[in-house]
>>> print(open('query-v7.txt').read())   # compact mmCIF, C-alpha atoms and all ligand atoms
# COMPACT_ATOMS: atom_id res chain seq x y z
CA MET A 184 0.00 0.00 0.00
CA ALA A 185 1.29 3.47 -0.80
CA LEU A 186 1.77 6.13 1.86
CA ILE A 187 -1.47 7.94 2.55
CA SER A 188 -2.26 11.40 3.86
CA LEU A 189 -2.97 12.13 7.49
CA ARG A 190 -6.25 13.71 6.46
CA GLN A 191 -7.51 10.51 4.90
CA LEU A 192 -6.59 8.50 7.98
CA LEU A 193 -8.08 10.95 10.49
CA ASP A 194 -11.28 11.20 8.46
CA HIS A 195 -11.54 7.41 8.70
CA ALA A 196 -10.84 7.54 12.44
CA ALA A 197 -13.54 10.18 12.91
CA GLU A 198 -16.05 8.21 10.93
CA HIS A 199 -15.41 5.08 12.99
CA GLY A 200 -14.81 6.78 16.35
CA TYR A 201 -11.23 5.78 17.09
CA GLY A 202 -7.88 7.46 17.73
CA LEU A 203 -4.40 6.89 16.30
CA PRO A 204 -1.20 6.87 18.28
CA ALA A 205 1.46 8.80 16.34
CA PHE A 206 4.82 7.35 17.25
CA ASN A 207 8.00 9.42 16.98
CA VAL A 208 10.75 7.54 15.17
CA ASN A 209 14.34 8.10 14.13
CA SER A 210 15.73 4.60 13.56
CA MET A 211 15.19 1.35 11.70
CA GLU A 212 14.48 -0.46 14.95
CA GLN A 213 11.69 1.92 15.97
CA ILE A 214 10.08 1.78 12.54
CA LEU A 215 10.13 -2.02 12.49
CA SER A 216 8.71 -2.22 16.02
CA VAL A 217 5.79 0.06 15.19
CA MET A 218 5.12 -1.78 11.91
CA GLU A 219 5.26 -5.23 13.47
CA ALA A 220 2.82 -4.11 16.19
CA ALA A 221 0.50 -2.68 13.53
CA ARG A 222 0.64 -5.89 11.54
CA LYS A 223 -0.24 -7.96 14.61
CA VAL A 224 -3.39 -5.97 15.31
CA ASP A 225 -4.24 -4.71 11.80
CA ALA A 226 -3.83 -1.04 12.72
CA PRO A 227 -3.04 1.91 10.42
CA VAL A 228 0.23 3.67 11.21
CA ILE A 229 1.38 7.24 11.77
CA LEU A 230 5.17 7.51 11.87
CA GLN A 231 6.39 10.97 12.77
CA ALA A 232 9.79 12.61 12.77
CA SER A 233 10.73 15.87 14.44
CA ARG A 234 13.34 18.26 13.03
CA SER A 235 16.02 16.78 15.25
CA ALA A 236 14.97 13.23 14.30
CA ARG A 237 15.31 14.24 10.66
CA SER A 238 18.78 15.61 11.21
CA TYR A 239 19.80 12.57 13.31
CA ALA A 240 18.60 9.97 10.81
CA THR A 241 18.82 12.14 7.65
CA ASP A 242 15.84 12.60 5.35
CA ALA A 243 17.25 10.13 2.83
CA MET A 244 17.46 7.32 5.40
CA LEU A 245 14.00 8.08 6.78
CA ARG A 246 12.47 8.20 3.30
CA HIS A 247 14.01 4.89 2.26
CA MET A 248 13.27 3.16 5.58
CA VAL A 249 9.63 4.17 5.36
CA GLN A 250 9.49 3.04 1.73
CA ALA A 251 10.90 -0.28 2.93
CA ALA A 252 8.10 -0.44 5.52
CA VAL A 253 5.56 0.16 2.74
CA GLU A 254 7.09 -2.75 0.83
CA LEU A 255 7.34 -5.07 3.85
CA TYR A 256 3.82 -4.36 5.13
CA PRO A 257 1.62 -3.96 2.04
CA GLY A 258 -1.61 -4.27 4.00
CA ILE A 259 -0.92 -1.40 6.39
CA PRO A 260 -1.68 2.22 5.44
CA ILE A 261 1.17 4.46 6.62
CA VAL A 262 1.31 8.22 7.13
CA LEU A 263 4.73 9.87 7.33
CA HIS A 264 4.30 13.07 9.31
CA HIS A 265 6.72 15.87 10.17
CA ASP A 266 6.35 16.69 13.85
CA HIS A 267 6.76 20.34 14.92
CA GLY A 268 7.80 21.95 11.65
CA ASN A 269 9.06 25.43 12.49
CA GLY A 270 8.49 27.26 9.23
CA VAL A 271 7.75 27.01 5.54
CA GLU A 272 11.18 25.55 4.78
CA SER A 273 11.08 22.64 7.24
CA CYS A 274 7.61 21.73 5.98
CA ARG A 275 8.52 22.13 2.32
CA SER A 276 11.67 20.00 2.64
CA ALA A 277 9.71 17.31 4.50
CA MET A 278 7.19 17.09 1.66
CA GLU A 279 10.02 17.01 -0.89
CA ASN A 280 11.32 14.01 1.04
CA GLY A 281 8.14 12.01 0.89
CA PHE A 282 6.34 13.14 4.04
CA THR A 283 2.60 13.00 3.41
CA SER A 284 1.76 15.32 6.27
CA VAL A 285 3.39 18.18 8.13
CA MET A 286 2.83 19.99 11.36
CA MET A 287 3.32 23.73 11.09
CA ASP A 288 3.81 24.71 14.71
CA GLY A 289 3.20 28.44 14.49
CA SER A 290 2.62 28.69 18.23
CA LEU A 291 6.38 29.19 18.50
CA GLU A 292 8.76 31.21 16.38
CA GLU A 293 11.27 29.57 14.08
CA ASP A 294 13.68 29.28 17.02
CA GLY A 295 11.28 26.70 18.48
CA LYS A 296 11.30 28.57 21.82
CA THR A 297 9.53 31.92 21.63
CA PRO A 298 5.71 32.08 21.77
CA THR A 299 4.24 33.97 18.82
CA ALA A 300 1.38 36.39 18.27
CA TYR A 301 -1.89 34.86 17.00
CA ALA A 302 -1.73 36.76 13.69
CA TYR A 303 1.70 35.26 12.92
CA ASN A 304 0.44 31.76 13.69
CA VAL A 305 -2.54 32.18 11.35
CA ARG A 306 -0.42 33.65 8.56
CA ILE A 307 2.31 31.03 8.52
CA THR A 308 -0.01 28.06 9.07
CA ALA A 309 -2.33 29.16 6.26
CA LYS A 310 0.68 29.55 3.97
CA VAL A 311 1.89 26.00 4.71
CA ALA A 312 -1.64 24.61 4.33
CA GLU A 313 -1.92 26.16 0.87
CA LEU A 314 1.43 24.71 -0.16
CA ALA A 315 0.68 21.26 1.28
CA HIS A 316 -2.82 20.96 -0.10
CA THR A 317 -1.58 21.66 -3.62
CA ALA A 318 0.45 18.45 -3.25
CA GLY A 319 -2.37 16.57 -1.52
CA ALA A 320 -0.46 16.49 1.79
CA SER A 321 -2.06 17.35 5.13
CA VAL A 322 -1.34 20.00 7.73
CA GLU A 323 -1.60 19.98 11.49
CA GLY A 324 -1.59 23.39 13.19
CA GLU A 325 -1.16 24.24 16.85
CA LEU A 326 -2.96 26.82 18.91
CA GLY A 327 -1.83 27.51 22.46
CA CYS A 328 1.55 26.52 23.89
CA LEU A 329 2.40 23.10 25.24
CA GLY A 330 3.39 23.34 28.88
CA SER A 331 2.55 22.45 32.43
CA LEU A 332 -0.36 24.07 34.26
CA GLU A 333 1.40 23.02 37.49
CA THR A 334 4.58 24.99 36.84
CA GLY A 335 3.76 27.32 33.94
CA PHE A 336 6.77 26.04 32.01
CA GLY A 337 7.11 24.13 28.76
CA GLU A 338 9.44 21.15 28.47
CA ALA A 339 11.82 21.20 25.51
CA GLU A 340 11.94 17.91 23.67
CA ASP A 341 14.28 17.40 20.75
CA GLY A 342 15.22 21.07 21.13
CA HIS A 343 11.61 22.20 20.70
CA GLY A 344 9.54 23.79 23.47
CA ALA A 345 8.50 27.18 24.83
CA GLU A 346 11.10 28.90 26.95
CA GLY A 347 10.18 31.01 29.98
CA LYS A 348 7.05 31.13 32.07
CA LEU A 349 3.77 30.89 30.18
CA THR A 350 0.47 32.42 31.23
CA HIS A 351 -2.61 30.34 31.96
CA GLU A 352 -4.15 31.72 28.75
CA GLN A 353 -1.17 30.63 26.66
CA LEU A 354 -1.30 27.13 28.18
CA LEU A 355 -4.95 26.51 27.28
CA THR A 356 -6.35 26.68 23.74
CA ASP A 357 -9.28 29.09 23.56
CA PRO A 358 -12.25 27.35 21.86
CA GLU A 359 -13.54 30.50 20.11
CA GLN A 360 -10.09 31.30 18.80
CA ALA A 361 -9.74 27.66 17.69
CA ARG A 362 -12.79 28.03 15.48
CA ASP A 363 -11.41 31.19 13.94
CA PHE A 364 -7.99 29.54 13.48
CA VAL A 365 -9.30 26.41 11.74
CA LEU A 366 -11.42 28.44 9.35
CA ALA A 367 -8.66 30.96 8.60
CA THR A 368 -5.86 28.43 8.08
CA LYS A 369 -7.74 25.45 6.57
CA VAL A 370 -5.69 23.01 8.66
CA ASP A 371 -6.66 19.34 8.58
CA ALA A 372 -5.96 18.77 12.27
CA LEU A 373 -5.53 20.99 15.29
CA ALA A 374 -3.09 20.39 18.15
CA VAL A 375 -4.53 21.77 21.36
CA ALA A 376 -2.86 22.93 24.57
CA ILE A 377 -4.47 21.37 27.63
CA GLY A 378 -1.64 21.17 30.17
CA ALA A 379 0.20 18.16 28.75
CA SER A 380 3.86 18.86 28.06
CA HIS A 381 6.53 16.87 26.26
CA GLY A 382 8.85 14.53 28.10
CA ALA A 383 8.71 12.29 31.16
CA TYR A 384 8.03 14.95 33.81
CA LYS A 385 4.51 16.15 33.06
CA PHE A 386 2.80 15.96 36.45
CA THR A 387 4.07 15.60 40.03
CA ARG A 388 1.02 13.52 41.03
CA PRO A 389 -1.81 11.73 39.24
CA PRO A 390 -3.29 14.54 37.13
CA THR A 391 -6.65 16.08 38.01
CA SER A 392 -8.73 18.30 35.72
CA GLU A 393 -6.92 21.31 37.23
CA VAL A 394 -3.72 20.35 35.43
CA LEU A 395 -4.96 18.16 32.57
CA ALA A 396 -7.82 20.05 30.99
CA ILE A 397 -9.80 17.45 29.04
CA HIS A 398 -12.78 19.80 29.50
CA VAL A 399 -11.03 22.14 27.05
CA VAL A 400 -10.97 19.33 24.46
CA LYS A 401 -14.70 18.88 25.03
CA ALA A 402 -15.39 22.60 24.64
CA ILE A 403 -13.41 22.79 21.38
CA HIS A 404 -15.08 19.66 20.02
CA ALA A 405 -18.51 21.11 20.84
CA LEU A 406 -17.71 24.15 18.69
CA LEU A 407 -15.80 22.26 15.99
CA PRO A 408 -17.38 18.80 15.86
CA ASN A 409 -15.75 17.91 12.52
CA THR A 410 -12.23 19.08 13.32
CA HIS A 411 -9.65 16.43 14.08
CA LEU A 412 -7.95 17.26 17.38
CA VAL A 413 -4.41 16.26 18.29
CA MET A 414 -3.07 15.65 21.78
CA HIS A 415 0.66 16.24 22.12
CA GLY A 416 2.69 15.19 25.14
CA SER A 417 0.50 12.12 25.52
CA SER A 418 2.90 9.57 26.88
CA THR A 419 1.53 7.79 29.91
CA VAL A 420 4.99 7.43 31.47
CA PRO A 421 4.14 3.97 32.83
CA GLU A 422 5.49 3.15 36.26
CA GLU A 423 6.50 -0.33 35.03
CA LEU A 424 8.83 1.18 32.43
CA ARG A 425 10.34 3.56 34.98
CA ASP A 426 10.79 0.63 37.38
CA ILE A 427 12.78 -1.32 34.77
CA ILE A 428 15.04 1.69 34.11
CA ASN A 429 15.58 2.22 37.85
CA ALA A 430 16.08 -1.48 38.59
CA PHE A 431 19.04 -1.50 36.23
CA GLY A 432 20.97 1.52 37.40
CA GLY A 433 18.70 4.31 36.15
CA ASP A 434 17.54 7.24 38.24
CA MET A 435 14.12 8.49 37.20
CA PRO A 436 12.24 10.13 40.07
CA PRO A 437 8.49 9.52 40.52
CA THR A 438 6.47 11.22 37.79
CA TRP A 439 3.11 10.97 36.08
CA GLY A 440 2.02 11.16 32.46
CA VAL A 441 -1.34 11.32 30.71
CA PRO A 442 -3.52 8.39 31.83
CA VAL A 443 -4.88 6.21 29.03
CA ALA A 444 -8.42 6.74 30.40
CA GLU A 445 -8.05 10.52 29.83
CA ILE A 446 -6.89 9.92 26.26
CA GLN A 447 -9.86 7.61 25.70
CA GLU A 448 -12.13 10.37 26.99
CA GLY A 449 -10.48 12.73 24.51
CA ILE A 450 -11.07 10.24 21.68
CA LYS A 451 -14.79 10.34 22.52
CA HIS A 452 -14.58 14.11 21.97
CA GLY A 453 -12.76 14.55 18.67
CA VAL A 454 -9.16 13.57 19.49
CA ARG A 455 -7.89 11.55 16.53
CA LYS A 456 -4.10 11.76 16.80
CA VAL A 457 -2.20 11.10 20.00
CA ASN A 458 1.53 11.88 20.02
CA ILE A 459 3.78 9.41 21.82
CA ASP A 460 7.56 9.62 22.03
CA THR A 461 8.65 9.38 25.67
CA ASP A 462 6.99 6.02 26.39
CA GLY A 463 8.82 4.48 23.43
CA ARG A 464 12.13 5.94 24.57
CA MET A 465 11.59 4.52 28.04
CA ALA A 466 10.65 1.08 26.71
CA ILE A 467 13.88 0.97 24.68
CA THR A 468 16.17 2.43 27.35
CA GLY A 469 14.93 0.03 30.03
CA GLN A 470 15.95 -2.95 27.91
CA PHE A 471 19.34 -1.45 27.02
CA ARG A 472 20.05 -1.01 30.73
CA LYS A 473 18.84 -4.50 31.57
CA VAL A 474 21.09 -6.17 29.00
CA ALA A 475 24.03 -3.98 29.98
CA MET A 476 23.72 -4.97 33.65
CA GLU A 477 22.71 -8.60 33.26
CA LYS A 478 25.25 -9.40 30.55
CA PRO A 479 28.27 -7.15 31.12
CA GLY A 480 30.28 -9.17 28.62
CA GLU A 481 27.81 -8.55 25.80
CA PHE A 482 29.12 -6.47 22.93
CA ASP A 483 26.78 -7.26 20.03
CA PRO A 484 24.43 -4.27 19.66
CA ARG A 485 21.72 -6.62 18.40
CA ALA A 486 21.58 -8.25 21.83
CA PHE A 487 20.48 -4.83 23.11
CA MET A 488 18.27 -3.98 20.18
CA LYS A 489 16.20 -7.16 20.08
CA PRO A 490 14.63 -6.93 23.55
CA ALA A 491 14.29 -3.15 23.04
CA ARG A 492 12.35 -3.75 19.83
CA ALA A 493 10.12 -6.30 21.56
CA ALA A 494 9.38 -3.84 24.41
CA LEU A 495 8.49 -1.03 22.00
CA GLU A 496 6.36 -3.38 19.92
CA ALA A 497 4.40 -4.47 23.02
CA LEU A 498 3.78 -0.82 23.95
CA CYS A 499 2.53 -0.04 20.42
CA VAL A 500 0.18 -3.05 20.37
CA GLN A 501 -1.26 -1.87 23.69
CA ARG A 502 -1.88 1.68 22.47
CA TYR A 503 -3.43 0.54 19.15
CA GLU A 504 -5.86 -1.61 21.10
CA GLU A 505 -6.59 1.00 23.77
CA PHE A 506 -7.30 3.72 21.21
CA GLY A 507 -9.58 1.53 19.08
CA ALA A 508 -7.31 1.50 16.01
CA ALA A 509 -6.89 -2.30 15.96
CA GLY A 510 -8.70 -3.97 13.07
CA MET A 511 -8.92 -0.74 11.04
CA ALA A 512 -5.99 -1.05 8.59
CA SER A 513 -7.70 -3.51 6.28
CA ARG A 514 -10.76 -1.27 6.11
CA ILE A 515 -8.89 1.56 4.42
CA ARG A 516 -8.46 1.89 0.68
CA PRO A 517 -5.65 4.34 -0.09
CA ILE A 518 -6.49 7.61 -1.81
CA PRO A 519 -3.53 8.83 -3.92
CA LEU A 520 -2.16 12.24 -2.92
CA SER A 521 -3.02 13.50 -6.43
CA GLU A 522 -6.66 12.68 -5.72
CA MET A 523 -6.44 14.41 -2.33
CA ALA A 524 -4.98 17.48 -4.09
CA ALA A 525 -7.90 17.46 -6.53
CA ARG A 526 -10.36 17.28 -3.62
CA TYR A 527 -8.74 20.26 -1.90
CA ALA A 528 -8.76 22.20 -5.18
CA SER A 529 -12.41 21.49 -5.83
CA GLY A 530 -13.39 22.39 -2.24
CA THR A 531 -14.73 18.90 -1.53
CA LEU A 532 -12.68 18.73 1.67
CA ASP A 533 -14.26 21.07 4.16
CA PRO A 534 -11.65 22.84 6.32
CA GLN A 535 -13.52 21.71 9.41
CA GLY A 536 -13.11 18.05 8.57
CA THR A 537 -16.00 16.84 6.48
CA VAL A 538 -15.89 13.07 6.72
CA VAL A 539 -14.68 11.31 3.59
CA THR A 540 -13.72 7.70 3.32
CA GLY A 541 -11.52 5.83 0.95
P1 LIG B 1 5.59 12.71 24.85
O1 LIG B 1 6.87 13.35 25.28
O2 LIG B 1 4.56 12.76 25.93
O3 LIG B 1 5.79 11.35 24.34
O4 LIG B 1 5.00 13.58 23.65
C1 LIG B 1 5.53 13.50 22.35
C2 LIG B 1 5.00 14.54 21.46
O5 LIG B 1 4.02 15.20 21.75
C3 LIG B 1 5.70 14.75 20.18
O6 LIG B 1 5.19 15.82 19.46
>>> encode(input="query-v7.txt", output="structure tokens", more="lines below")
Ligand code: 13P
Amino acid sequence: MALISLRQLLDHAAEHGYGLPAFNVNSMEQILSVMEAARKVDAPVILQASRSARSYATDAMLRHMVQAAVELYPGIPIVLHHDHGNGVESCRSAMENGFTSVMMDGSLEEDGKTPTAYAYNVRITAKVAELAHTAGASVEGELGCLGSLETGFGEAEDGHGAEGKLTHEQLLTDPEQARDFVLATKVDALAVAIGASHGAYKFTRPPTSEVLAIHVVKAIHALLPNTHLVMHGSSTVPEELRDIINAFGGDMPPTWGVPVAEIQEGIKHGVRKVNIDTDGRMAITGQFRKVAMEKPGEFDPRAFMKPARAALEALCVQRYEEFGAAGMASRIRPIPLSEMAARYASGTLDPQGTVVTG
């Protein structure tokens, strides 16, 4: 199956009431783990790469590895998405390298640190949407800044994250402004700020609605029922994974992530894409540490990689099942990007997410 656009996949998810985990990747091992999990449960796949993942792996390697995944797993629809693009150039170069979807994060300036004015965000996101739609690719925008409602600070991940203290207003997406933003930019999906931040240290105790504002998701969905919402910073930071890291010489203090039940509540209210990076990193790191401590004489990297791949695969299977994406891959017939481009051009794709199916 060819790569498909994010828009096609999220439209399918909306029609059938499920959510998609979007896994951050930068290596062959991660891509194979996600794909093998998807094959086991017949789930469609979103692979995403940040700017630093792209520079770590190189666009050429990513492009060819994902093409290899297309060849190895012909029954699984795959979206290749650029996470946190910081301007027209990062989005354009992603699309030139085979990405079928880009995030234009206009909530921060090109430095990836400084919060922007609303007008800037609208202008740059609309520009990227116009460019992407001409090629049939999709665009995710972001309104509000990712960060903690407990501390007021963002958490930089892969060099991307707001610097300095953020106001309560910046940390929560305003539903009325979201409506204006979606209409003005024509984005296919909207990342919302609800108190979840990137990384392992999101909450100092199990999150309540004071610090994880699922009610904001509900309010936005009530105003924009056809818009696909995206939750960033949605790792659960499972205690079991932290325990493995700590049992084998790690030192991760107690911390809480976004509970799966809260994500499932979001999925009932328009959340279609759920970004997960940290949980995968922890699954891998725990196994590296375990092998290093249990077999100090081991020097074949594959002895580290194999259990790491198995741990990531198990995590992915779990999330596909929990979000309702299992069993959906074989129900999707790919729409070529040229056909998506024609639909954008003819106005058949409503900016607020009119449901279309392949
Ligand atoms: P986590 O750090 O919670 O995995 O979030 C990843 C993310 O949102 C990438 O954009």
>>> residues_around(input="query-v7.txt", residues="segment 270-274 of chain A", least_positions_apart="6", cutoff="8 Å", atoms="all atoms listed in the file", output="PDB file with C-alpha atoms, keeping the file's coordinate frame")
ATOM      1  CA  ARG A 234      13.340  18.260  13.030  1.00  0.00           C
ATOM      2  CA  VAL A 285       3.390  18.180   8.130  1.00  0.00           C
ATOM      3  CA  MET A 286       2.830  19.990  11.360  1.00  0.00           C
ATOM      4  CA  MET A 287       3.320  23.730  11.090  1.00  0.00           C
ATOM      5  CA  ASP A 288       3.810  24.710  14.710  1.00  0.00           C
ATOM      6  CA  GLY A 289       3.200  28.440  14.490  1.00  0.00           C
ATOM      7  CA  GLU A 293      11.270  29.570  14.080  1.00  0.00           C
ATOM      8  CA  ILE A 307       2.310  31.030   8.520  1.00  0.00           C
ATOM      9  CA  LYS A 310       0.680  29.550   3.970  1.00  0.00           C
ATOM     10  CA  VAL A 311       1.890  26.000   4.710  1.00  0.00           C
TER      11      VAL A 311
END
>>> residues_near_ligand(input="query-v7.txt", ligand="ligand LIG 1 (chain B)", cutoff="6 Å", atoms="all atoms listed in the file", output="PyMOL selection string")
chain A and resi 266+381-382+415-418+458-462
>>> closest_residue(input="query-v7.txt", among="A:His452, A:Arg388, A:His247, A:Arg275", to="His404 of chain A", atoms="only C-alpha atoms")
A:His452
>>> closest_residue(input="query-v7.txt", among="A:Gly433, A:Gly330, A:Gly453, A:Pro479", to="Leu203 of chain A", atoms="only C-alpha atoms")
A:Gly453
>>> closest_residue(input="query-v7.txt", among="A:Ser210, A:Thr391, A:Ser238, A:Thr283", to="Ile187 of chain A", atoms="all atoms listed in the file")
A:Thr283
>>> residues_near_point(input="query-v7.txt", point="(-2.9, 2.6, 16.3)", cutoff="7 Å", atoms="all atoms listed in the file", output="number ranges by chain")
A: 203-204, 221, 226-228, 502-503, 506, 508-509
>>> residues_around(input="query-v7.txt", residues="Asp242 of chain A", least_positions_apart="3", cutoff="8 Å", atoms="all atoms listed in the file", output="NGL selection string")
:A and (237-238 or 245-246 or 277 or 280)
>>> write_last_selection(input="query-v7.txt", atoms="C-alpha atoms", output="mmCIF file, in the coordinates of the input")
data_model
loop_
_atom_site.group_PDB
_atom_site.id
_atom_site.type_symbol
_atom_site.label_atom_id
_atom_site.label_comp_id
_atom_site.auth_asym_id
_atom_site.auth_seq_id
_atom_site.Cartn_x
_atom_site.Cartn_y
_atom_site.Cartn_z
ATOM 1 C CA ARG A 237 15.310 14.240 10.660
ATOM 2 C CA SER A 238 18.780 15.610 11.210
ATOM 3 C CA LEU A 245 14.000 8.080 6.780
ATOM 4 C CA ARG A 246 12.470 8.200 3.300
ATOM 5 C CA ALA A 277 9.710 17.310 4.500
ATOM 6 C CA ASN A 280 11.320 14.010 1.040
#
>>> residues_near_point(input="query-v7.txt", point="(1.4, 23.0, -4.0)", cutoff="12 Å", atoms="all atoms listed in the file", output="JSON, numbers by chain")
{"A": [274, 275, 278, 279, 310, 311, 312, 313, 314, 315, 316, 317, 318, 319, 320, 321, 520, 521, 523, 524, 525, 527, 528]}
>>> atom_distance(input="query-v7.txt", atom1="atom CA of Leu329 of chain A", atom2="atom CA of Lys385 of chain A")
10.7 Å
>>> residues_around(input="query-v7.txt", residues="Lys223 of chain A", least_positions_apart="2", cutoff="10 Å", atoms="only C-alpha atoms", output="mmCIF file with C-alpha atoms, in the frame of the given file")
data_model
loop_
_atom_site.group_PDB
_atom_site.id
_atom_site.type_symbol
_atom_site.label_atom_id
_atom_site.label_comp_id
_atom_site.auth_asym_id
_atom_site.auth_seq_id
_atom_site.Cartn_x
_atom_site.Cartn_y
_atom_site.Cartn_z
ATOM 1 C CA MET A 218 5.120 -1.780 11.910
ATOM 2 C CA GLU A 219 5.260 -5.230 13.470
ATOM 3 C CA ALA A 220 2.820 -4.110 16.190
ATOM 4 C CA ALA A 221 0.500 -2.680 13.530
ATOM 5 C CA ASP A 225 -4.240 -4.710 11.800
ATOM 6 C CA ALA A 226 -3.830 -1.040 12.720
ATOM 7 C CA GLU A 496 6.360 -3.380 19.920
ATOM 8 C CA VAL A 500 0.180 -3.050 20.370
ATOM 9 C CA ALA A 509 -6.890 -2.300 15.960
ATOM 10 C CA GLY A 510 -8.700 -3.970 13.070
#
>>> closest_residue(input="query-v7.txt", among="A:Lys296, A:Arg222, A:Arg464, A:His199", to="Pro421 of chain A", atoms="only C-alpha atoms")
A:Arg464
